[in-house]
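Shown here: input_22.txt, compact mmCIF, C-alpha atoms.
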```
# COMPACT_ATOMS: atom_id res chain seq x y z
CA MET R 12 95.19 -17.58 -36.06
CA ALA R 13 96.77 -20.05 -38.45
CA THR R 14 100.01 -21.66 -37.37
CA ILE R 15 103.07 -22.20 -39.59
CA SER R 16 102.19 -25.87 -39.89
CA ASP R 17 98.66 -24.98 -40.99
CA MET R 18 100.01 -22.65 -43.67
CA GLY R 19 102.35 -25.33 -44.97
CA GLU R 20 99.68 -28.03 -45.15
CA ARG R 21 99.13 -29.56 -48.55
CA ARG R 22 95.37 -29.24 -49.02
CA PHE R 23 95.17 -30.78 -52.47
CA GLY R 24 96.01 -34.38 -51.53
CA ARG R 25 99.18 -36.40 -51.49
CA VAL R 26 100.10 -35.30 -55.02
CA ASN R 27 99.67 -31.82 -56.42
CA TRP R 28 98.44 -33.03 -59.78
CA LEU R 29 97.58 -29.54 -61.04
CA GLY R 30 101.00 -28.17 -60.12
CA LEU R 31 102.74 -31.21 -61.61
CA TYR R 32 100.75 -30.93 -64.82
CA THR R 33 101.46 -27.20 -65.03
CA LEU R 34 105.22 -27.68 -64.63
CA ALA R 35 105.29 -30.52 -67.17
CA ARG R 36 103.19 -28.50 -69.61
CA ARG R 37 105.50 -25.51 -69.21
CA GLU R 38 108.52 -27.66 -70.03
CA VAL R 39 106.82 -29.10 -73.11
CA MET R 40 105.60 -25.71 -74.35
CA ARG R 41 109.09 -24.29 -73.79
CA PHE R 42 110.70 -26.55 -76.40
CA MET R 43 107.67 -26.63 -78.70
CA ALA R 44 107.80 -22.84 -78.97
CA VAL R 45 111.15 -23.17 -80.76
CA TRP R 46 110.42 -26.45 -82.56
CA SER R 47 112.72 -25.58 -85.45
CA GLN R 48 115.67 -25.66 -83.04
CA THR R 49 114.57 -28.46 -80.71
CA LEU R 50 112.89 -30.87 -83.16
CA MET R 51 113.92 -30.01 -86.71
CA ALA R 52 117.61 -29.46 -85.94
CA PRO R 53 118.09 -32.98 -84.45
CA LEU R 54 116.44 -34.50 -87.52
CA ILE R 55 118.81 -32.61 -89.83
CA THR R 56 121.82 -33.55 -87.68
CA ALA R 57 120.87 -37.23 -87.70
CA GLY R 58 120.34 -37.09 -91.47
CA LEU R 59 123.75 -35.48 -91.97
CA PHE R 60 125.43 -38.23 -89.93
CA LEU R 61 123.81 -40.89 -92.11
CA VAL R 62 124.72 -39.07 -95.33
CA VAL R 63 128.34 -38.50 -94.29
CA PHE R 64 128.89 -42.10 -93.24
CA SER R 65 127.13 -43.38 -96.34
CA LEU R 66 129.35 -41.29 -98.63
CA ALA R 67 132.57 -41.81 -96.67
CA ILE R 68 132.26 -45.56 -96.15
CA GLY R 69 129.46 -46.73 -98.40
CA PRO R 70 128.80 -50.40 -99.14
CA ALA R 71 132.53 -51.21 -98.94
CA ARG R 72 132.22 -51.49 -95.16
CA GLY R 73 130.22 -54.66 -95.47
CA GLU R 74 127.65 -55.95 -93.05
CA VAL R 75 127.78 -55.53 -89.27
CA MET R 76 125.69 -57.88 -87.10
CA GLY R 77 124.12 -59.20 -90.29
CA VAL R 78 122.83 -55.84 -91.56
CA PRO R 79 124.28 -53.09 -93.80
CA PHE R 80 126.56 -50.66 -91.96
CA LEU R 81 124.12 -47.78 -92.49
CA HIS R 82 121.35 -49.81 -90.83
CA PHE R 83 123.76 -50.67 -88.00
CA ILE R 84 124.64 -47.07 -87.11
CA ALA R 85 121.12 -45.64 -87.57
CA PRO R 86 119.81 -46.82 -84.14
CA GLY R 87 122.94 -45.47 -82.48
CA ILE R 88 122.44 -42.07 -84.09
CA LEU R 89 118.79 -42.20 -83.05
CA MET R 90 119.63 -42.86 -79.41
CA MET R 91 122.53 -40.41 -79.35
CA THR R 92 120.14 -37.70 -80.55
CA VAL R 93 117.57 -38.63 -77.90
CA ILE R 94 120.27 -38.57 -75.20
CA GLN R 95 121.51 -35.12 -76.17
CA ASN R 96 118.03 -33.61 -76.47
CA ALA R 97 116.66 -35.03 -73.22
CA PHE R 98 119.72 -33.76 -71.35
CA ALA R 99 119.51 -30.34 -73.01
CA ASN R 100 115.83 -29.94 -72.18
CA THR R 101 116.16 -30.08 -68.39
CA SER R 102 119.67 -28.66 -68.09
CA SER R 103 118.97 -25.58 -70.21
CA SER R 104 115.64 -24.90 -68.51
CA MET R 105 117.09 -24.99 -65.01
CA ILE R 106 120.43 -23.29 -65.63
CA VAL R 107 118.73 -20.36 -67.40
CA ALA R 108 116.31 -20.03 -64.47
CA LYS R 109 119.20 -20.10 -61.99
CA VAL R 110 121.35 -17.57 -63.82
CA GLN R 111 118.41 -15.21 -64.41
CA GLY R 112 117.31 -15.59 -60.79
CA ASN R 113 113.76 -16.76 -61.52
CA ILE R 114 114.25 -20.33 -60.29
CA VAL R 115 112.34 -19.14 -57.22
CA ASP R 116 109.19 -19.01 -59.36
CA THR R 117 109.44 -22.79 -59.70
CA LEU R 118 110.51 -23.49 -56.12
CA MET R 119 107.91 -21.28 -54.38
CA PRO R 120 104.71 -23.11 -55.50
CA PRO R 121 103.56 -26.01 -53.28
CA LEU R 122 105.43 -28.70 -55.22
CA SER R 123 107.30 -31.45 -53.41
CA PRO R 124 110.85 -32.44 -54.46
CA GLY R 125 109.43 -35.52 -56.17
CA GLU R 126 106.91 -33.46 -58.10
CA LEU R 127 109.61 -31.03 -59.23
CA VAL R 128 111.73 -33.89 -60.51
CA ALA R 129 108.73 -35.54 -62.22
CA GLY R 130 107.65 -32.29 -63.88
CA TYR R 131 111.06 -31.54 -65.35
CA VAL R 132 111.62 -35.14 -66.43
CA ALA R 133 108.20 -35.26 -68.12
CA GLY R 134 109.34 -32.49 -70.46
CA ALA R 135 112.53 -34.40 -71.27
CA VAL R 136 110.56 -37.58 -71.99
CA ALA R 137 108.16 -35.72 -74.28
CA ARG R 138 111.03 -34.18 -76.23
CA GLY R 139 112.93 -37.47 -76.41
CA LEU R 140 109.90 -39.38 -77.70
CA ILE R 141 109.03 -36.76 -80.32
CA VAL R 142 112.63 -36.65 -81.57
CA ALA R 143 112.73 -40.47 -81.67
CA VAL R 144 109.48 -40.71 -83.66
CA VAL R 145 110.67 -38.13 -86.20
CA ILE R 146 113.99 -39.91 -86.73
CA VAL R 147 112.38 -43.38 -86.95
CA VAL R 148 110.01 -42.08 -89.63
CA MET R 149 113.04 -40.74 -91.52
CA MET R 150 114.89 -44.06 -91.21
CA VAL R 151 111.91 -46.02 -92.49
CA ALA R 152 111.11 -43.61 -95.33
CA VAL R 153 114.64 -42.80 -96.52
CA ILE R 154 116.78 -45.90 -95.97
CA GLY R 155 114.03 -48.49 -95.87
CA MET R 156 114.61 -49.77 -92.35
CA SER R 157 112.08 -51.63 -90.25
CA VAL R 158 111.77 -51.88 -86.47
CA GLU R 159 112.12 -55.49 -85.33
CA HIS R 160 111.11 -55.04 -81.67
CA PRO R 161 109.09 -51.82 -81.21
CA LEU R 162 108.44 -52.36 -77.49
CA TRP R 163 112.15 -52.70 -76.75
CA LEU R 164 112.88 -49.56 -78.74
CA ILE R 165 110.18 -47.56 -76.93
CA THR R 166 111.40 -48.88 -73.57
CA PHE R 167 114.98 -47.78 -74.12
CA VAL R 168 113.96 -44.42 -75.63
CA VAL R 169 111.84 -43.67 -72.55
CA LEU R 170 114.60 -44.89 -70.23
CA ALA R 171 117.17 -42.73 -72.01
CA SER R 172 114.89 -39.70 -71.78
CA VAL R 173 114.27 -40.22 -68.06
CA LEU R 174 117.93 -40.90 -67.26
CA LEU R 175 119.27 -37.96 -69.26
CA GLY R 176 116.47 -35.70 -68.08
CA ALA R 177 117.43 -36.51 -64.48
CA LEU R 178 121.11 -36.12 -65.30
CA GLY R 179 120.34 -32.71 -66.80
CA ILE R 180 118.59 -31.68 -63.58
CA ALA R 181 121.57 -32.82 -61.50
CA ALA R 182 124.01 -31.00 -63.78
CA ALA R 183 121.96 -27.78 -63.69
CA ILE R 184 121.68 -27.92 -59.90
CA TYR R 185 125.43 -28.39 -59.57
CA ALA R 186 126.40 -25.76 -62.15
CA ASN R 187 126.08 -22.11 -61.28
CA LYS R 188 127.17 -20.66 -64.63
CA PHE R 189 126.73 -21.41 -68.31
CA ASP R 190 130.45 -22.17 -68.53
CA GLU R 191 130.15 -24.89 -65.91
CA MET R 192 127.20 -26.42 -67.74
CA ALA R 193 129.15 -26.33 -71.00
CA LEU R 194 132.00 -28.21 -69.31
CA ILE R 195 129.62 -30.96 -68.16
CA THR R 196 128.06 -31.20 -71.62
CA ASN R 197 131.32 -31.20 -73.57
CA PHE R 198 133.44 -33.36 -71.27
CA VAL R 199 130.89 -35.79 -69.83
CA VAL R 200 127.68 -36.20 -71.84
CA THR R 201 129.08 -35.85 -75.37
CA PRO R 202 132.08 -38.20 -74.90
CA LEU R 203 129.94 -40.82 -73.14
CA SER R 204 127.38 -40.75 -75.94
CA PHE R 205 129.96 -40.93 -78.76
CA LEU R 206 132.13 -43.60 -77.07
CA SER R 207 129.28 -46.01 -76.41
CA GLY R 208 129.07 -48.10 -79.56
CA THR R 209 127.17 -45.56 -81.61
CA PHE R 210 129.33 -46.05 -84.71
CA TYR R 211 130.99 -49.40 -84.00
CA SER R 212 130.46 -52.82 -82.48
CA LEU R 213 132.26 -53.78 -79.28
CA GLU R 214 133.82 -56.70 -81.14
CA THR R 215 136.12 -54.24 -82.94
CA LEU R 216 137.58 -52.92 -79.67
CA PRO R 217 140.55 -54.33 -77.73
CA PRO R 218 139.54 -56.35 -74.63
CA ALA R 219 140.49 -53.55 -72.23
CA LEU R 220 138.30 -51.01 -74.03
CA GLN R 221 135.45 -53.52 -74.12
CA VAL R 222 135.56 -53.75 -70.33
CA ILE R 223 135.63 -49.95 -69.98
CA THR R 224 132.71 -49.57 -72.38
CA HIS R 225 130.60 -51.96 -70.30
CA TRP R 226 130.90 -49.47 -67.43
CA ASN R 227 129.32 -46.76 -69.59
CA PRO R 228 125.53 -46.75 -69.05
CA PHE R 229 125.04 -44.97 -72.38
CA PHE R 230 126.35 -48.10 -74.08
CA TYR R 231 123.37 -50.10 -72.80
CA LEU R 232 120.93 -47.43 -73.98
CA ILE R 233 122.36 -47.47 -77.50
CA ASP R 234 122.77 -51.24 -77.54
CA GLY R 235 119.17 -51.67 -76.39
CA ALA R 236 117.89 -49.34 -79.08
CA ARG R 237 119.93 -51.23 -81.67
CA TYR R 238 118.32 -54.48 -80.53
CA GLY R 239 114.90 -52.87 -80.83
CA VAL R 240 115.57 -51.77 -84.42
CA ILE R 241 117.68 -54.52 -86.02
CA GLY R 242 117.13 -57.38 -83.55
CA ALA R 243 120.85 -57.79 -82.74
CA SER R 244 123.07 -56.33 -80.01
CA ASP R 245 126.43 -56.67 -78.28
CA SER R 246 124.87 -57.58 -74.92
CA SER R 247 121.59 -58.91 -73.60
CA PRO R 248 118.80 -56.31 -73.69
CA TRP R 249 117.67 -57.63 -70.30
CA LEU R 250 121.08 -56.81 -68.83
CA GLY R 251 120.92 -53.37 -70.41
CA LEU R 252 117.44 -52.85 -68.99
CA ALA R 253 118.59 -53.78 -65.48
CA VAL R 254 121.67 -51.53 -65.63
CA CYS R 255 119.74 -48.57 -67.00
CA LEU R 256 116.96 -48.94 -64.43
CA GLY R 257 119.51 -49.03 -61.62
CA VAL R 258 121.44 -45.98 -62.85
CA THR R 259 118.23 -44.07 -63.55
CA ALA R 260 116.91 -44.76 -60.04
CA GLY R 261 120.19 -43.55 -58.55
CA VAL R 262 120.21 -40.27 -60.50
CA LEU R 263 116.53 -39.62 -59.74
CA LEU R 264 117.22 -40.16 -56.04
CA LEU R 265 120.13 -37.72 -56.18
CA CYS R 266 117.90 -35.08 -57.82
CA TRP R 267 115.21 -35.63 -55.17
CA ILE R 268 117.75 -35.21 -52.35
CA TRP R 269 119.22 -32.04 -53.85
CA PHE R 270 115.78 -30.51 -54.39
CA LYS R 271 114.77 -31.43 -50.85
CA ARG R 272 117.88 -29.78 -49.40
CA GLY R 273 117.82 -26.79 -51.76
CA TYR R 274 121.37 -27.62 -52.74
CA ARG R 275 123.08 -24.92 -54.88
CA MET R 276 119.75 -23.42 -55.89
CA LYS R 277 121.15 -19.89 -56.04
CA ALA R 278 123.38 -18.97 -58.96
```
Let me see the structure of the file written as structure tokens.
Amino acid sequence: MATISDMGERRFGRVNWLGLYTLARREVMRFMAVWSQTLMAPLITAGLFLVVFSLAIGPARGEVMGVPFLHFIAPGILMMTVIQNAFANTSSSMIVAKVQGNIVDTLMPPLSPGELVAGYVAGAVARGLIVAVVIVVMMVAVIGMSVEHPLWLITFVVLASVLLGALGIAAAIYANKFDEMALITNFVVTPLSFLSGTFYSLETLPPALQVITHWNPFFYLIDGARYGVIGASDSSPWLGLAVCLGVTAGVLLLCWIWFKRGYRMKA
């Protein structure tokens, strides 16, 4: 007769690669099934931001960091869009599953806490990268921009997708209702992404606000993306990389702990 420990043994190796792939594929197919909402809508939103700022401010704004103002804000809009979409991918997937009561279908298969986190985050990274590629193509084709440091841009896009994907998991675990998730989105994620140097340089802020902004990890994501595109930034990209890696590791660890403990997994 098999014992409980025998029944719980993982017989497919240290990593359930098939289960991990299946979860990641499900998350990718989930947003690809409604690509007009998840991929086309961000492109239109980013284009509207550029059009509005171009018409409202135009060339009268002058150069910022040695480039036209439109070229200055384009990387910020790019990263802000990636941030919002990566967060939405994991948070919406999990909160819907919790509210509908089918989160058990994800928790029951033999997936470890680390594999659950990796599977959800993989979907966020895929969505973030696709959105970034689409917007970069638009920037190059429409406003004639070039990417000065592609590797830095890719690095910060991936980091932003992982960080916000993990943050979306944490938010969905903590929230038990759509209203609670909306509060987190509207009062945490959106303000942090808008007040992070997306539309302005830190040099224009009073000293006190500059200090506060440096405590916002989203600032380093946007600043790093700006360095990747125009080759200039408010802070060192290496500092931004270190800060973002540290914050990302902390949020991933929190998600792993909450999955392991089954924290607030019932709506």
Show which residues sit within 12 Å of Gln221 of chain R, as a list in words. Count all atoms listed in the file, and ignore same-chain residues fewer than 4 positions away.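 Listing them by chain and then by number gives Leu206, Ser207, Gly208, Tyr211, Ser212, Leu213, Glu214, Thr215, Leu216, Pro217, His225, Trp226, Asn227, Phe230, Asp245 and Ser246 of chain R.
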Out of R:Leu61, R:Leu164, R:Leu175, R:Val144, which residue has the shortest atom-to-atom distance to Thr201 of chain R when counting only C-alpha atoms?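 Smallest distance to Thr201 of chain R is found for R:Leu175.
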Give me the residues within 7 Å of Tyr131 of chain R as a ChimeraX atom specification, counting only C-alpha atoms and dropping any in the same chain fewer than 2 places off. /R:35,38,101,127-129,133-135
Can you tell me which residues surround Leu263 of chain R at a distance of at most 9 Å, considering all atoms listed in the file, apart from same-chain residues fewer than 5 positions away, and format the answer as a count of residues only? 9
Quick one: everything within 9 Å of segment 270-274 of chain R, counting all atoms listed in the file, minus sequence neighbours fewer than 4 positions away in the same chain. Send it as a ChimeraX atom specification. /R:118,123-125,127-128,184-185,265-266
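Going from atom CA of Met149 of chain R over to atom CA of Val93 of chain R, you cover 14.5 Å.
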Exercise: Ala143 of chain R partners within 9 Å, all atoms listed in the file, chain neighbours under 4 positions left out, as an mmCIF file with C-alpha atoms, in the frame of the given file:
```
data_model
loop_
_atom_site.group_PDB
_atom_site.id
_atom_site.type_symbol
_atom_site.label_atom_id
_atom_site.label_comp_id
_atom_site.auth_asym_id
_atom_site.auth_seq_id
_atom_site.Cartn_x
_atom_site.Cartn_y
_atom_site.Cartn_z
ATOM 1 C CA LEU R 89 118.790 -42.200 -83.050
ATOM 2 C CA MET R 90 119.630 -42.860 -79.410
ATOM 3 C CA THR R 92 120.140 -37.700 -80.550
ATOM 4 C CA VAL R 93 117.570 -38.630 -77.900
ATOM 5 C CA ARG R 138 111.030 -34.180 -76.230
ATOM 6 C CA GLY R 139 112.930 -37.470 -76.410
ATOM 7 C CA VAL R 147 112.380 -43.380 -86.950
ATOM 8 C CA VAL R 148 110.010 -42.080 -89.630
ATOM 9 C CA ILE R 165 110.180 -47.560 -76.930
ATOM 10 C CA VAL R 168 113.960 -44.420 -75.630
#
```
Interatomic distance, atom CA of Asn187 of chain R to atom CA of Leu232 of chain R (Å, one decimal): 28.8 Å
Go through R:Val115, R:Ala152, R:Leu252, R:Leu34 and flag the residue nearest Gly58 of chain R, using only C-alpha atoms for the distances. R:Ala152
Name the closest residue to Val145 of chain R among the candidates R:Ile68, R:Met76, R:Ala182, R:Ala52; distances are taken between atoms, counting all atoms listed in the file.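 Closest residue, counting all atoms listed in the file: R:Ala52.
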Would you work out the distance separating atom CA of Met192 of chain R from atom CA of Met276 of chain R, expressed in Å to one decimal? 14.3 Å
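Considering the residues R:Met119, R:Ala260, R:Ala186, R:Leu220 and counting only C-alpha atoms, Val107 of chain R has its shortest atom-to-atom contact with R:Ala186.
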Using only C-alpha atoms, which residue out of R:Phe229, R:Tyr238, R:Phe198, R:Phe210 lies closest to Ile84 of chain R? R:Phe210
Counting all atoms listed in the file, select every polymer residue within 10 Å of (118.6, -24.6, -67.7) as defined in the file's coordinates, and provide the selection as a PyMOL selection string. chain R and resi 98-111+114+179-180+182-184+186+188-189+192
Residue nearest Val136 of chain R among R:Phe64, R:Trp28, R:Phe83, R:Phe42 (counting all atoms listed in the file): R:Phe42
Atom completion result for segment 149-168 of chain R (N, CA and C atoms) as a PDB file, in the frame of the given file:
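Saved result, selection24.pdb, follows:
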```
ATOM      1  N   MET R 149     112.030 -41.011 -90.503  1.00  0.00           N
ATOM      2  CA  MET R 149     113.040 -40.740 -91.520  1.00  0.00           C
ATOM      3  C   MET R 149     113.781 -42.009 -91.915  1.00  0.00           C
ATOM      4  N   MET R 150     114.154 -42.834 -90.919  1.00  0.00           N
ATOM      5  CA  MET R 150     114.890 -44.060 -91.210  1.00  0.00           C
ATOM      6  C   MET R 150     114.053 -45.010 -92.064  1.00  0.00           C
ATOM      7  N   VAL R 151     112.782 -45.121 -91.743  1.00  0.00           N
ATOM      8  CA  VAL R 151     111.910 -46.020 -92.490  1.00  0.00           C
ATOM      9  C   VAL R 151     111.687 -45.498 -93.908  1.00  0.00           C
ATOM     10  N   ALA R 152     111.453 -44.189 -94.024  1.00  0.00           N
ATOM     11  CA  ALA R 152     111.110 -43.610 -95.330  1.00  0.00           C
ATOM     12  C   ALA R 152     112.319 -43.473 -96.245  1.00  0.00           C
ATOM     13  N   VAL R 153     113.487 -43.127 -95.690  1.00  0.00           N
ATOM     14  CA  VAL R 153     114.640 -42.800 -96.520  1.00  0.00           C
ATOM     15  C   VAL R 153     115.530 -44.004 -96.801  1.00  0.00           C
ATOM     16  N   ILE R 154     115.853 -44.783 -95.755  1.00  0.00           N
ATOM     17  CA  ILE R 154     116.780 -45.900 -95.970  1.00  0.00           C
ATOM     18  C   ILE R 154     116.097 -47.262 -95.890  1.00  0.00           C
ATOM     19  N   GLY R 155     114.787 -47.248 -95.790  1.00  0.00           N
ATOM     20  CA  GLY R 155     114.030 -48.490 -95.870  1.00  0.00           C
ATOM     21  C   GLY R 155     114.198 -49.447 -94.719  1.00  0.00           C
ATOM     22  N   MET R 156     114.446 -48.909 -93.519  1.00  0.00           N
ATOM     23  CA  MET R 156     114.610 -49.770 -92.350  1.00  0.00           C
ATOM     24  C   MET R 156     113.257 -50.161 -91.777  1.00  0.00           C
ATOM     25  N   SER R 157     113.270 -51.228 -90.998  1.00  0.00           N
ATOM     26  CA  SER R 157     112.080 -51.630 -90.250  1.00  0.00           C
ATOM     27  C   SER R 157     112.481 -51.808 -88.783  1.00  0.00           C
ATOM     28  N   VAL R 158     111.514 -51.733 -87.901  1.00  0.00           N
ATOM     29  CA  VAL R 158     111.770 -51.880 -86.470  1.00  0.00           C
ATOM     30  C   VAL R 158     111.368 -53.291 -86.058  1.00  0.00           C
ATOM     31  N   GLU R 159     112.363 -54.085 -85.651  1.00  0.00           N
ATOM     32  CA  GLU R 159     112.120 -55.490 -85.330  1.00  0.00           C
ATOM     33  C   GLU R 159     111.371 -55.667 -84.016  1.00  0.00           C
ATOM     34  N   HIS R 160     111.725 -54.893 -83.005  1.00  0.00           N
ATOM     35  CA  HIS R 160     111.110 -55.040 -81.670  1.00  0.00           C
ATOM     36  C   HIS R 160     110.684 -53.654 -81.172  1.00  0.00           C
ATOM     37  N   PRO R 161     109.520 -53.182 -81.580  1.00  0.00           N
ATOM     38  CA  PRO R 161     109.090 -51.820 -81.210  1.00  0.00           C
ATOM     39  C   PRO R 161     109.030 -51.583 -79.709  1.00  0.00           C
ATOM     40  N   LEU R 162     108.571 -52.568 -78.932  1.00  0.00           N
ATOM     41  CA  LEU R 162     108.440 -52.360 -77.490  1.00  0.00           C
ATOM     42  C   LEU R 162     109.805 -52.154 -76.831  1.00  0.00           C
ATOM     43  N   TRP R 163     110.806 -52.896 -77.287  1.00  0.00           N
ATOM     44  CA  TRP R 163     112.150 -52.700 -76.750  1.00  0.00           C
ATOM     45  C   TRP R 163     112.671 -51.309 -77.107  1.00  0.00           C
ATOM     46  N   LEU R 164     112.411 -50.880 -78.320  1.00  0.00           N
ATOM     47  CA  LEU R 164     112.880 -49.560 -78.740  1.00  0.00           C
ATOM     48  C   LEU R 164     112.206 -48.468 -77.899  1.00  0.00           C
ATOM     49  N   ILE R 165     110.892 -48.557 -77.732  1.00  0.00           N
ATOM     50  CA  ILE R 165     110.180 -47.560 -76.930  1.00  0.00           C
ATOM     51  C   ILE R 165     110.689 -47.564 -75.487  1.00  0.00           C
ATOM     52  N   THR R 166     110.919 -48.772 -74.953  1.00  0.00           N
ATOM     53  CA  THR R 166     111.400 -48.880 -73.570  1.00  0.00           C
ATOM     54  C   THR R 166     112.717 -48.164 -73.382  1.00  0.00           C
ATOM     55  N   PHE R 167     113.660 -48.385 -74.284  1.00  0.00           N
ATOM     56  CA  PHE R 167     114.980 -47.780 -74.120  1.00  0.00           C
ATOM     57  C   PHE R 167     114.952 -46.278 -74.453  1.00  0.00           C
ATOM     58  N   VAL R 168     114.086 -45.847 -75.357  1.00  0.00           N
ATOM     59  CA  VAL R 168     113.960 -44.420 -75.630  1.00  0.00           C
ATOM     60  C   VAL R 168     113.421 -43.695 -74.388  1.00  0.00           C
TER      61      VAL R 168
END
```
